[in-house]
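Asks: Got a structure for you, data14.tsv, holding TSV, C-alpha atoms.
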```tsv
chain	number	residue	atom	x	y	z
A	1	MET	CA	117.04	-2.37	-91.36
A	2	THR	CA	115.12	-2.69	-94.65
A	3	GLU	CA	115.60	0.19	-97.04
A	4	MET	CA	112.48	2.34	-97.52
A	5	GLU	CA	110.91	2.76	-100.93
A	6	PRO	CA	111.24	6.30	-102.33
A	7	GLU	CA	107.52	6.91	-101.82
A	8	THR	CA	107.74	5.88	-98.16
A	9	GLN	CA	110.85	8.04	-97.65
A	10	SER	CA	108.96	11.04	-99.02
A	11	GLN	CA	106.03	10.37	-96.66
A	12	PHE	CA	108.46	10.02	-93.73
A	13	LEU	CA	110.13	13.37	-94.47
A	14	SER	CA	106.77	15.08	-95.01
A	15	ALA	CA	105.42	13.79	-91.72
A	16	ARG	CA	108.61	14.71	-89.90
A	17	GLN	CA	108.61	18.26	-91.24
A	18	SER	CA	104.96	18.77	-90.29
A	19	LEU	CA	105.44	17.78	-86.64
A	20	PRO	CA	107.33	19.44	-83.78
A	21	LEU	CA	110.62	17.84	-82.74
A	22	ASP	CA	109.13	16.63	-79.43
A	23	SER	CA	106.32	14.68	-81.17
A	24	THR	CA	108.39	11.52	-81.63
A	25	ALA	CA	105.66	9.13	-80.48
A	26	GLU	CA	103.11	10.63	-82.83
A	27	LEU	CA	105.64	10.54	-85.67
A	28	VAL	CA	106.38	6.84	-85.11
A	29	THR	CA	102.65	6.02	-84.96
A	30	ARG	CA	101.99	7.80	-88.24
A	31	ILE	CA	104.94	6.13	-89.99
A	32	ALA	CA	103.78	2.73	-88.77
A	33	ALA	CA	100.30	3.32	-90.18
A	34	GLN	CA	101.74	4.42	-93.52
A	35	LEU	CA	104.04	1.39	-93.70
A	36	GLY	CA	101.09	-0.89	-92.91
A	37	SER	CA	99.14	0.65	-95.74
A	38	GLN	CA	102.08	0.12	-98.12
A	39	LEU	CA	102.58	-3.50	-97.05
A	40	SER	CA	98.91	-4.31	-97.58
A	41	HIS	CA	99.57	-3.96	-101.33
A	42	VAL	CA	102.54	-6.40	-101.32
A	43	ARG	CA	102.42	-10.20	-101.56
A	44	LEU	CA	104.62	-12.45	-99.41
A	45	ASN	CA	106.99	-12.95	-102.34
A	46	GLY	CA	107.56	-9.20	-102.58
A	47	SER	CA	105.46	-8.57	-105.72
A	48	ARG	CA	102.71	-5.98	-105.76
A	49	LYS	CA	99.07	-7.03	-105.56
A	50	PRO	CA	96.89	-5.78	-108.43
A	51	MET	CA	94.84	-2.74	-107.53
A	52	PRO	CA	91.13	-3.52	-107.03
A	53	THR	CA	88.91	-2.61	-109.92
A	54	THR	CA	85.52	-0.99	-109.59
A	55	VAL	CA	82.70	-3.07	-111.05
A	56	PRO	CA	80.43	-0.72	-113.04
A	57	ALA	CA	76.79	-0.66	-112.03
A	58	PRO	CA	74.48	-2.29	-114.58
A	59	ALA	CA	72.85	0.13	-116.99
A	60	ARG	CA	69.24	1.03	-116.31
A	61	PRO	CA	66.75	-0.85	-118.48
A	62	ALA	CA	65.58	1.01	-121.54
A	63	LEU	CA	62.19	2.68	-121.45
A	64	VAL	CA	60.17	1.64	-124.50
A	65	ALA	CA	57.15	3.90	-124.93
A	66	VAL	CA	54.43	2.01	-126.79
A	67	ALA	CA	52.20	4.29	-128.86
A	68	HIS	CA	49.15	3.25	-130.85
A	69	GLY	CA	50.06	4.89	-134.16
A	70	SER	CA	48.00	7.09	-136.44
A	71	ARG	CA	47.77	8.25	-140.03
A	72	ASP	CA	47.60	11.80	-138.71
A	73	PRO	CA	51.18	13.13	-138.98
A	74	ARG	CA	50.63	15.24	-135.86
A	75	ALA	CA	50.47	12.08	-133.75
A	76	LEU	CA	54.10	11.07	-134.31
A	77	ARG	CA	55.29	14.64	-133.77
A	78	THR	CA	53.35	14.86	-130.52
A	79	VAL	CA	54.61	11.56	-129.14
A	80	THR	CA	58.17	12.49	-130.10
A	81	ALA	CA	57.83	15.78	-128.21
A	82	LEU	CA	56.44	13.93	-125.19
A	83	LEU	CA	59.43	11.59	-125.11
A	84	ASP	CA	61.76	14.57	-125.37
A	85	LEU	CA	60.21	15.80	-122.12
A	86	VAL	CA	60.76	12.36	-120.58
A	87	ARG	CA	64.44	12.48	-121.53
A	88	GLU	CA	64.80	15.95	-120.01
A	89	LEU	CA	63.35	14.67	-116.74
A	90	ARG	CA	65.59	11.58	-116.68
A	91	PRO	CA	68.92	12.38	-118.40
A	92	GLY	CA	70.89	9.34	-119.47
A	93	LEU	CA	67.89	7.02	-119.65
A	94	ASP	CA	67.60	5.13	-122.93
A	95	VAL	CA	64.12	6.12	-124.15
A	96	ARG	CA	62.77	4.49	-127.30
A	97	LEU	CA	59.50	4.46	-129.19
A	98	GLY	CA	57.56	1.59	-130.71
A	99	HIS	CA	54.14	1.65	-132.39
A	100	ILE	CA	51.44	-0.99	-132.30
A	101	GLU	CA	50.33	-0.16	-135.83
A	102	ILE	CA	50.61	2.26	-138.77
A	103	ASP	CA	53.57	4.43	-137.65
A	104	GLU	CA	57.26	3.63	-137.58
A	105	PRO	CA	59.19	2.44	-135.73
A	106	ALA	CA	57.00	-0.59	-135.17
A	107	LEU	CA	57.16	-2.12	-131.72
A	108	PRO	CA	58.70	-5.46	-132.85
A	109	ALA	CA	61.53	-3.59	-134.60
A	110	THR	CA	62.20	-1.48	-131.52
A	111	LEU	CA	62.37	-4.56	-129.30
A	112	ALA	CA	64.62	-6.37	-131.78
A	113	GLY	CA	66.99	-3.40	-131.71
A	114	LEU	CA	67.52	-3.93	-127.98
A	115	GLY	CA	68.90	-7.43	-128.53
A	116	ALA	CA	69.47	-9.31	-125.29
A	117	GLY	CA	69.20	-6.26	-123.06
A	118	ARG	CA	66.54	-5.18	-120.57
A	119	ALA	CA	63.54	-2.97	-121.17
A	120	VAL	CA	60.42	-1.66	-119.49
A	121	LEU	CA	57.53	-1.19	-121.90
A	122	VAL	CA	55.29	1.74	-120.95
A	123	PRO	CA	52.02	1.82	-122.91
A	124	LEU	CA	51.07	5.35	-123.93
A	125	LEU	CA	47.50	4.13	-123.64
A	126	LEU	CA	44.92	5.46	-121.24
A	127	SER	CA	43.16	2.30	-120.06
A	128	ARG	CA	43.26	-1.47	-120.09
A	129	GLY	CA	42.09	-3.12	-123.28
A	130	TYR	CA	43.05	-5.33	-126.21
A	131	HIS	CA	46.31	-3.56	-127.04
A	132	VAL	CA	47.56	-3.80	-123.46
A	133	LYS	CA	46.38	-7.35	-122.88
A	134	GLN	CA	47.11	-8.90	-126.28
A	135	ASP	CA	49.20	-6.85	-128.71
A	136	ILE	CA	51.98	-5.81	-126.34
A	137	PRO	CA	52.47	-9.26	-124.73
A	138	ALA	CA	52.55	-10.79	-128.22
A	139	ALA	CA	55.33	-8.42	-129.27
A	140	VAL	CA	57.28	-9.27	-126.12
A	141	ALA	CA	56.88	-12.98	-126.80
A	142	ASP	CA	58.47	-12.48	-130.21
A	143	ALA	CA	61.57	-10.99	-128.57
A	144	PRO	CA	62.65	-13.92	-126.35
A	145	ARG	CA	66.22	-12.68	-125.84
A	146	LEU	CA	65.01	-9.42	-124.30
A	147	ARG	CA	64.35	-9.29	-120.56
A	148	THR	CA	61.25	-7.18	-120.07
A	149	ARG	CA	58.66	-5.76	-117.77
A	150	VAL	CA	55.40	-4.28	-119.05
A	151	ALA	CA	54.08	-1.32	-117.08
A	152	ARG	CA	50.46	-0.43	-116.51
A	153	PRO	CA	48.74	1.90	-119.01
A	154	LEU	CA	48.85	5.57	-118.11
A	155	GLY	CA	45.29	5.83	-116.86
A	156	PRO	CA	43.57	6.28	-114.59
A	157	HIS	CA	45.88	8.53	-112.57
A	158	PRO	CA	45.71	12.00	-110.94
A	159	LEU	CA	48.49	13.27	-113.21
A	160	LEU	CA	46.31	12.59	-116.24
A	161	VAL	CA	43.46	14.45	-114.57
A	162	GLU	CA	45.72	17.44	-114.01
A	163	ALA	CA	46.71	17.41	-117.68
A	164	LEU	CA	43.04	17.15	-118.75
A	165	TYR	CA	42.14	20.08	-116.52
A	166	GLU	CA	44.93	22.28	-117.88
A	167	ARG	CA	44.01	21.45	-121.49
A	168	LEU	CA	40.43	22.52	-120.76
A	169	VAL	CA	41.60	25.80	-119.24
A	170	GLU	CA	43.90	26.41	-122.22
A	171	ALA	CA	40.91	25.94	-124.54
A	172	GLY	CA	38.84	28.53	-122.68
A	173	TRP	CA	37.11	26.66	-119.87
A	174	ASP	CA	35.82	29.08	-117.22
A	175	ASP	CA	36.48	27.55	-113.81
A	176	ASP	CA	34.58	30.24	-111.92
A	177	PRO	CA	32.46	28.46	-109.25
A	178	ARG	CA	29.54	30.77	-110.09
A	179	ALA	CA	29.35	29.27	-113.60
A	180	ARG	CA	29.23	25.62	-112.55
A	181	GLY	CA	25.45	25.38	-112.34
A	182	GLY	CA	24.93	24.99	-116.08
A	183	ALA	CA	28.30	23.44	-116.94
A	184	GLY	CA	29.25	19.93	-117.93
A	185	VAL	CA	32.09	18.04	-119.61
A	186	VAL	CA	32.18	15.13	-122.03
A	187	LEU	CA	35.30	13.02	-121.58
A	188	ALA	CA	35.82	11.77	-125.14
A	189	GLY	CA	37.94	8.64	-125.53
A	190	ALA	CA	38.64	6.04	-128.19
A	191	GLY	CA	36.45	3.28	-126.76
A	192	SER	CA	36.92	-0.45	-126.28
A	193	ARG	CA	34.78	-3.57	-125.90
A	194	ASP	CA	36.81	-4.51	-122.82
A	195	PRO	CA	34.75	-3.76	-119.68
A	196	GLU	CA	37.91	-2.93	-117.75
A	197	SER	CA	38.72	-0.20	-120.25
A	198	ALA	CA	35.31	1.38	-119.67
A	199	ALA	CA	35.80	1.12	-115.89
A	200	ASP	CA	39.14	2.93	-116.19
A	201	THR	CA	37.57	5.73	-118.22
A	202	ARG	CA	34.69	6.10	-115.77
A	203	ARG	CA	37.22	6.39	-112.97
A	204	THR	CA	39.03	9.17	-114.82
A	205	ALA	CA	35.71	10.95	-115.43
A	206	ALA	CA	34.91	10.84	-111.71
A	207	MET	CA	38.34	12.21	-110.81
A	208	LEU	CA	38.03	15.01	-113.36
A	209	SER	CA	34.59	15.91	-112.00
A	210	GLU	CA	36.11	16.25	-108.55
A	211	ARG	CA	38.94	18.38	-109.95
A	212	LEU	CA	36.35	20.68	-111.58
A	213	GLY	CA	34.53	21.23	-108.30
A	214	GLY	CA	31.68	18.81	-108.91
A	215	VAL	CA	30.86	19.65	-112.52
A	216	PRO	CA	29.39	16.47	-114.07
A	217	VAL	CA	31.75	14.64	-116.44
A	218	VAL	CA	30.25	12.00	-118.74
A	219	PRO	CA	32.58	9.52	-120.49
A	220	ALA	CA	31.87	9.01	-124.17
A	221	TYR	CA	33.52	7.08	-126.97
A	222	ALA	CA	34.43	7.45	-130.60
A	223	SER	CA	34.03	3.72	-131.33
A	224	ALA	CA	33.21	0.29	-129.89
A	225	ALA	CA	31.34	1.52	-126.82
A	226	ALA	CA	28.46	3.72	-125.70
A	227	PRO	CA	27.55	6.46	-125.23
A	228	THR	CA	28.87	8.30	-128.24
A	229	VAL	CA	29.92	11.92	-127.91
A	230	PRO	CA	26.61	13.26	-129.38
A	231	GLU	CA	24.66	11.00	-127.00
A	232	ALA	CA	26.62	12.30	-124.02
A	233	LEU	CA	26.01	15.89	-125.09
A	234	ARG	CA	22.26	15.24	-125.30
A	235	ALA	CA	22.26	13.55	-121.90
A	236	LEU	CA	23.93	16.56	-120.29
A	237	ALA	CA	21.52	18.95	-122.02
A	238	ALA	CA	18.61	16.95	-120.61
A	239	ARG	CA	20.03	17.64	-117.15
A	240	GLY	CA	20.10	21.37	-117.81
A	241	ARG	CA	23.79	21.45	-118.63
A	242	HIS	CA	24.11	23.72	-121.66
A	243	ARG	CA	27.65	25.01	-121.17
A	244	VAL	CA	29.42	21.80	-122.10
A	245	ALA	CA	33.06	21.29	-123.01
A	246	ILE	CA	34.75	18.29	-124.58
A	247	ALA	CA	37.86	17.00	-122.83
A	248	SER	CA	40.00	15.07	-125.33
A	249	TYR	CA	41.06	11.84	-123.63
A	250	PHE	CA	43.62	10.93	-126.26
A	251	THR	CA	47.39	10.79	-125.98
A	252	ALA	CA	47.90	12.50	-129.33
A	253	PRO	CA	45.92	13.97	-132.24
A	254	GLY	CA	44.28	11.53	-134.61
A	255	ARG	CA	41.07	10.65	-136.41
A	256	PHE	CA	39.04	9.86	-133.28
A	257	ALA	CA	40.21	12.98	-131.46
A	258	THR	CA	39.30	15.15	-134.45
A	259	GLN	CA	35.86	13.53	-134.83
A	260	SER	CA	35.10	13.97	-131.14
A	261	ALA	CA	36.09	17.64	-131.10
A	262	ALA	CA	33.90	18.31	-134.15
A	263	HIS	CA	30.79	17.72	-132.01
A	264	ALA	CA	31.67	20.51	-129.58
A	265	ARG	CA	29.22	23.36	-129.16
A	266	GLY	CA	31.72	25.34	-127.15
A	267	VAL	CA	35.11	24.53	-125.63
A	268	ALA	CA	36.99	21.59	-127.16
A	269	ALA	CA	40.29	20.82	-125.46
A	270	ALA	CA	43.37	19.52	-127.22
A	271	PRO	CA	44.59	15.96	-126.60
A	272	LEU	CA	46.90	15.36	-123.67
A	273	GLY	CA	49.99	15.47	-125.88
A	274	ALA	CA	53.39	16.63	-124.68
A	275	HIS	CA	52.23	17.80	-121.27
A	276	PRO	CA	54.74	17.80	-118.37
A	277	ALA	CA	52.32	15.87	-116.15
A	278	VAL	CA	52.07	13.12	-118.77
A	279	ALA	CA	55.88	12.95	-119.02
A	280	ARG	CA	56.11	12.55	-115.25
A	281	LEU	CA	53.49	9.82	-115.38
A	282	VAL	CA	55.43	7.90	-118.04
A	283	LEU	CA	58.45	7.82	-115.69
A	284	HIS	CA	56.23	6.92	-112.74
A	285	ARG	CA	54.89	3.87	-114.59
A	286	TYR	CA	58.48	2.96	-115.57
A	287	ASP	CA	59.62	3.14	-111.94
A	288	GLN	CA	56.60	1.14	-110.74
A	289	ALA	CA	57.39	-1.66	-113.17
A	290	LEU	CA	61.05	-1.72	-112.15
A	291	THR	CA	60.14	-2.43	-108.54
A	292	ALA	CA	57.25	-4.80	-109.24
A	293	ALA	CA	59.34	-7.94	-109.76
A	294	PRO	CA	62.72	-9.15	-111.03
A	295	PHE	CA	63.30	-9.19	-114.76
A	296	ALA	CA	62.84	-12.48	-116.52
A	297	ALA	CA	63.41	-13.67	-120.08
A	298	PRO	CA	60.93	-13.90	-121.61
A	299	HIS	CA	58.40	-12.14	-119.35
A	300	ARG	CA	54.79	-11.93	-120.50
A	301	GLU	CA	53.03	-10.71	-117.38
A	302	LEU	CA	51.85	-7.18	-116.72
A	303	ALA	CA	53.27	-5.30	-113.77
A	304	THR	CA	50.78	-5.21	-110.93
A	305	ALA	CA	52.12	-2.20	-109.04
```
Since I need it in another form, could you write the structure as structure tokens?
Replies:
Amino acid sequence: MTEMEPETQSQFLSARQSLPLDSTAELVTRIAAQLGSQLSHVRLNGSRKPMPTTVPAPARPALVAVAHGSRDPRALRTVTALLDLVRELRPGLDVRLGHIEIDEPALPATLAGLGAGRAVLVPLLLSRGYHVKQDIPAAVADAPRLRTRVARPLGPHPLLVEALYERLVEAGWDDDPRARGGAGVVLAGAGSRDPESAADTRRTAAMLSERLGGVPVVPAYASAAAPTVPEALRALAARGRHRVAIASYFTAPGRFATQSAAHARGVAAAPLGAHPAVARLVLHRYDQALTAAPFAAPHRELATA
């Protein structure tokens, strides 16, 4: 009879001590199973097989938040605070920031820092337009070693509407249904010559109007498109809407947001900023892009989810 290894002897004695003396059949069955397990780790020549190694799961792609950039120092502070919220919601996710212009880090530098890894670019922009369609794909094209997906811009989306509503309430908006008869809102955005950008903003205005119980919401723009904020205010006044607030449809403070708020005759809400709903939306766009299609290198198409 072959001599047992010390480990097997110990298992034999342990099993024997834990069973009654009349459980011989059960004892033999258990020993046979344990011997089979031991022999499965031994080659025919008597040497031990190497223990299987666990292959680590691939790291999640980095989330690169793409901000516009501003000379207003509050903009960078606000975007940084927003990304801190994103990190709190998704611990362990590599979250980075890149700017299209003015601020550092610039988007090309952020992408270069990722080397040959994987990344999902999430524009911190509120509609389709030149930056989404031209600037971001151009930056991706200049980082050919990086495997990328580009998510949709943040808007339009119900989470943005919720953030806009809460910013209005914070600024003093009275949501009492009895006061809606003479109320109105100007949704002030940056503006773009791209017709799809205007369509996105109109969609957000319609959603915000619904959230406010039917109060009319007129989109207006600080540049490149009409109507301007003063024109929208006059249009609402012509409709008998004299209690008008300005909803700031900007991701962060900046020149356009400040100019738009200066036209307010009453409530002027703060930009969206580091709002929890916006942080959740950033992760939602990231997750959408992940499931839209496999990563490719280079990848210049926008996610369609």
Asks: Between atom CA of Leu114 of chain A and atom CA of His99 of chain A, what is the distance in Å, rounded to a tenth?
Replies: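 Value for the atom CA of Leu114 of chain A-atom CA of His99 of chain A distance: 15.2 Å.
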Asks: Atom CA of Leu124 of chain A and atom CA of Ala67 of chain A, how far apart in Å?
Replies: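 For atom CA of Ala67 of chain A relative to atom CA of Leu124 of chain A, the distance reads 5.2 Å.
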Asks: Distance atom CA of Pro219 of chain A-atom CA of Arg128 of chain A, one decimal place?
Replies: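 So the two atoms, atom CA of Pro219 of chain A and atom CA of Arg128 of chain A, lie 15.3 Å apart.
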Asks: Using all atoms listed in the file, what residues lie at most 12 Å away from (41.7, 18.6, -123.1) (file coordinates), given as an mmCIF file with C-alpha atoms, in the frame of the given file?
Replies:
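Written file, out.cif:
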```
data_model
loop_
_atom_site.group_PDB
_atom_site.id
_atom_site.type_symbol
_atom_site.label_atom_id
_atom_site.label_comp_id
_atom_site.auth_asym_id
_atom_site.auth_seq_id
_atom_site.Cartn_x
_atom_site.Cartn_y
_atom_site.Cartn_z
ATOM 1 C CA LEU A 160 46.310 12.590 -116.240
ATOM 2 C CA VAL A 161 43.460 14.450 -114.570
ATOM 3 C CA GLU A 162 45.720 17.440 -114.010
ATOM 4 C CA ALA A 163 46.710 17.410 -117.680
ATOM 5 C CA LEU A 164 43.040 17.150 -118.750
ATOM 6 C CA TYR A 165 42.140 20.080 -116.520
ATOM 7 C CA GLU A 166 44.930 22.280 -117.880
ATOM 8 C CA ARG A 167 44.010 21.450 -121.490
ATOM 9 C CA LEU A 168 40.430 22.520 -120.760
ATOM 10 C CA VAL A 169 41.600 25.800 -119.240
ATOM 11 C CA GLU A 170 43.900 26.410 -122.220
ATOM 12 C CA ALA A 171 40.910 25.940 -124.540
ATOM 13 C CA GLY A 172 38.840 28.530 -122.680
ATOM 14 C CA TRP A 173 37.110 26.660 -119.870
ATOM 15 C CA VAL A 185 32.090 18.040 -119.610
ATOM 16 C CA VAL A 186 32.180 15.130 -122.030
ATOM 17 C CA LEU A 187 35.300 13.020 -121.580
ATOM 18 C CA ALA A 188 35.820 11.770 -125.140
ATOM 19 C CA GLY A 189 37.940 8.640 -125.530
ATOM 20 C CA LEU A 208 38.030 15.010 -113.360
ATOM 21 C CA ALA A 245 33.060 21.290 -123.010
ATOM 22 C CA ILE A 246 34.750 18.290 -124.580
ATOM 23 C CA ALA A 247 37.860 17.000 -122.830
ATOM 24 C CA SER A 248 40.000 15.070 -125.330
ATOM 25 C CA TYR A 249 41.060 11.840 -123.630
ATOM 26 C CA PHE A 250 43.620 10.930 -126.260
ATOM 27 C CA THR A 251 47.390 10.790 -125.980
ATOM 28 C CA ALA A 252 47.900 12.500 -129.330
ATOM 29 C CA PRO A 253 45.920 13.970 -132.240
ATOM 30 C CA ALA A 257 40.210 12.980 -131.460
ATOM 31 C CA SER A 260 35.100 13.970 -131.140
ATOM 32 C CA ALA A 261 36.090 17.640 -131.100
ATOM 33 C CA VAL A 267 35.110 24.530 -125.630
ATOM 34 C CA ALA A 268 36.990 21.590 -127.160
ATOM 35 C CA ALA A 269 40.290 20.820 -125.460
ATOM 36 C CA ALA A 270 43.370 19.520 -127.220
ATOM 37 C CA PRO A 271 44.590 15.960 -126.600
ATOM 38 C CA LEU A 272 46.900 15.360 -123.670
ATOM 39 C CA GLY A 273 49.990 15.470 -125.880
ATOM 40 C CA ALA A 274 53.390 16.630 -124.680
ATOM 41 C CA HIS A 275 52.230 17.800 -121.270
#
```
Asks: Nearest to Ala199 of chain A among A:Ala225, A:Leu159, A:Ala179, A:Leu63, with distances taken over all atoms listed in the file: which residue is it?
Replies: A:Ala225
Asks: Would you mind telling me which residue in A:His131, A:Arg147, A:His68, A:Arg90 lies nearest to Gly115 of chain A when using all atoms listed in the file?
Replies: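 Ranked by minimum distance to Gly115 of chain A, first place goes to A:Arg147.
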